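Here is the structure we will look at.
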Amino acid sequence: WFILQYMSGFGNEHVSEDPRCPGALPEGQNNPQVCPYGLYAEQLSGSAFTCPRPTNKRSWLYRILPSVCHKPFKPLEEGHLTHNWDEVEPDPNQLRWKPFEIPKSPHNKLDFVSGLHTLCGAGEPRGRNGIAVHIFVCNTSMLNRCLYNSDGDFLIVPQQGKLLITTEFGKMLVEPNEICVIQQGMRFSVEVFGETRGYILEVYGAHFELPDLGPIGANGLANPRDFLVPVAWYEDRQVPGGYTVISKYQGKMFAAQQDFSPFNVVAWHGNYTPYKYHLEKFMVINSVAFDHADPSIFTVLTAKSTRPGVALADFVIFPPRWGVANNTFRPPYYHRNCMSEFMGLIKGHYEAKEEGFQPGGASLHSMMTPHGPDADCFEKASKAKLEPERVAEGTMAFMFESSLSLAVTKWGLQTSNRLDKTYYKCWEPLKSHFNPKCK
């Protein structure tokens, strides 16, 4: 491995060129008549040209050959990727999945693309409004093939195994407890080092941004400087046997052949990039007096809808922190929500569900479906001595929360065979403590 380097800052205007070709970036303009080193100029637009400046996203790539040099796309039948939300009847129940199984390598080789499985979602990419939640399980690296998502952005949450992701902008190593975002249209290839598993939040029609801080002030939550962007790296590699470029387009997969590596960008500049973030860098805000603050205080990234204050999707984490609230039931309260809550666990034990909710598994609490601590957690927390305590030490749970009502796929409910049919039983031991004579 060469030493991976990154540039710092969320949404910044970055400039990068591979040190093997100094001066590869044109000076003073984007599209000269002849680019340095005989390169081609190509713009990647992540927003409409006419977007206001704060939301205008684009990068200029200077590459050995433009990405248009490929044979026609043909349909690719691969895996369990879908945006058909009508495969099975709706299910409003509290749902929990055991850890998703990673195939054993010699018998069933899956790379990142063939290991994608859609679990739930809503909306659709043609209307540019919706989300999908995917699980990826893989045991082999992508070889002479890359993927780009025409439909939206991928927020990737590795849970087991690290990902070495090569993009047109450079390379990123993303390990469990880190996340990365590959935005719409960016080509990438994933190398793995054994059995690998994780979660993906896909958003159609919006890009992720940092949540507004309001009364919190200028600092807190995920700080912009902790987001890392790769530096330019290129390979001038011919692939006579054929390099496969896979496009996820309108929820389907398509493949095109070309005879060179797409990672041939010698230099680039712009504010539309892939990026990664380490979840340990999150500055937790919490209650220091009484009551349990809403989970919105743990928002890392948000993809806004057209309604003010309502997210198409939020990415929320529950990191290690101090619990100090007085006279308070400290775990998450019982709750019914006009949002959909999908939870995953990267490591450790989640405080409100010590048993059953395991790393590599998931839960979905759908719109207005009640949920909350299991009986054991309620009894313990109701009688606990309220002194300062470390909460969630050694764990990292997260939530994809959406204003859309999520439908579960057939793979999620049936084919995966990971649905925990006994989940509802964790609340059955809850008993009435009501006594009208005792105030």
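All residue names refer to the structure tokens as shown: chains lettered A, B, ... in order, residues numbered from 1 in each chain, ligands numbered from 1 in order.
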* Show which residues sit within 10 Å of region 367-381 of chain A, as number ranges by chain. Count only C-alpha atoms, and ignore same-chain residues fewer than 3 positions away. => A: 92-94, 328-341, 351-355, 364, 384-386, 402-406, 423-431
* Asked: When DSSP works through the backbone of this structure, what residues of region 142-384 of chain A end up as strand (DSSP E), shown as a VMD selection string?
  -> chain A and resid 145 to 149 152 to 160 163 to 167 170 to 174 178 to 182 188 to 191 196 to 204 228 to 230 238 to 249 252 to 260 265 to 270 275 to 278 299 to 304 311 to 318 321 to 323 340 to 347 362 to 365
Could the residues of region 251-341 of chain A that have an atom at most 7 Å from region 212-224 of chain A be listed as CSV, each with its closest atom pair and the distance in Å to one decimal, counting only C-alpha atoms and ordered by chain and ascending residue number?
```
residue,atom,partner,partner_atom,distance
A:Lys281,CA,A:Ala222,CA,7.0
A:Phe282,CA,A:Ala222,CA,4.9
A:Met283,CA,A:Leu221,CA,4.6
A:Val284,CA,A:Leu221,CA,5.8
A:Ile285,CA,A:Leu221,CA,7.0
A:Phe298,CA,A:Leu221,CA,6.9
A:Val300,CA,A:Ala222,CA,5.6
```
Please produce an output containing N, CA and C atoms for each residue in the selection, written as a compact mmCIF listing (two decimals), in the first residue's frame.
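Okay, selection_0.txt is ready:
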```
# COMPACT_ATOMS: atom_id res chain seq x y z
N LYS A 281 -15.06 11.08 16.23
CA LYS A 281 -14.80 12.54 16.23
C LYS A 281 -16.06 13.33 16.60
N PHE A 282 -17.21 12.64 16.71
CA PHE A 282 -18.47 13.32 16.95
C PHE A 282 -18.49 13.95 18.34
N MET A 283 -18.81 15.25 18.40
CA MET A 283 -18.90 15.96 19.68
C MET A 283 -20.33 15.85 20.21
N VAL A 284 -20.51 15.02 21.23
CA VAL A 284 -21.85 14.71 21.73
C VAL A 284 -22.41 15.86 22.54
N ILE A 285 -23.67 16.20 22.26
CA ILE A 285 -24.43 17.16 23.06
C ILE A 285 -25.48 16.35 23.83
N PHE A 298 -28.12 13.80 18.01
CA PHE A 298 -27.03 12.91 17.59
C PHE A 298 -26.91 12.83 16.06
N VAL A 300 -25.53 13.20 12.54
CA VAL A 300 -24.23 13.44 11.90
C VAL A 300 -24.43 14.15 10.57
```
* To do: Write out as a list in words each polymer residue whose atoms come within 8 Å of Phe260 (chain A), counting only C-alpha atoms; drop sequence neighbours fewer than 6 positions from it.
  =>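 In the requested format, the answer is Asp236, Arg237, Gln238, Val239, Pro240, Gly242 and Tyr243 of chain A.
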* Structure fact -> In terms of only C-alpha atoms, the residue from A:Glu393, A:Asp151, A:Glu235, A:Asp111 at minimal distance from Gly205 (chain A) is A:Asp151
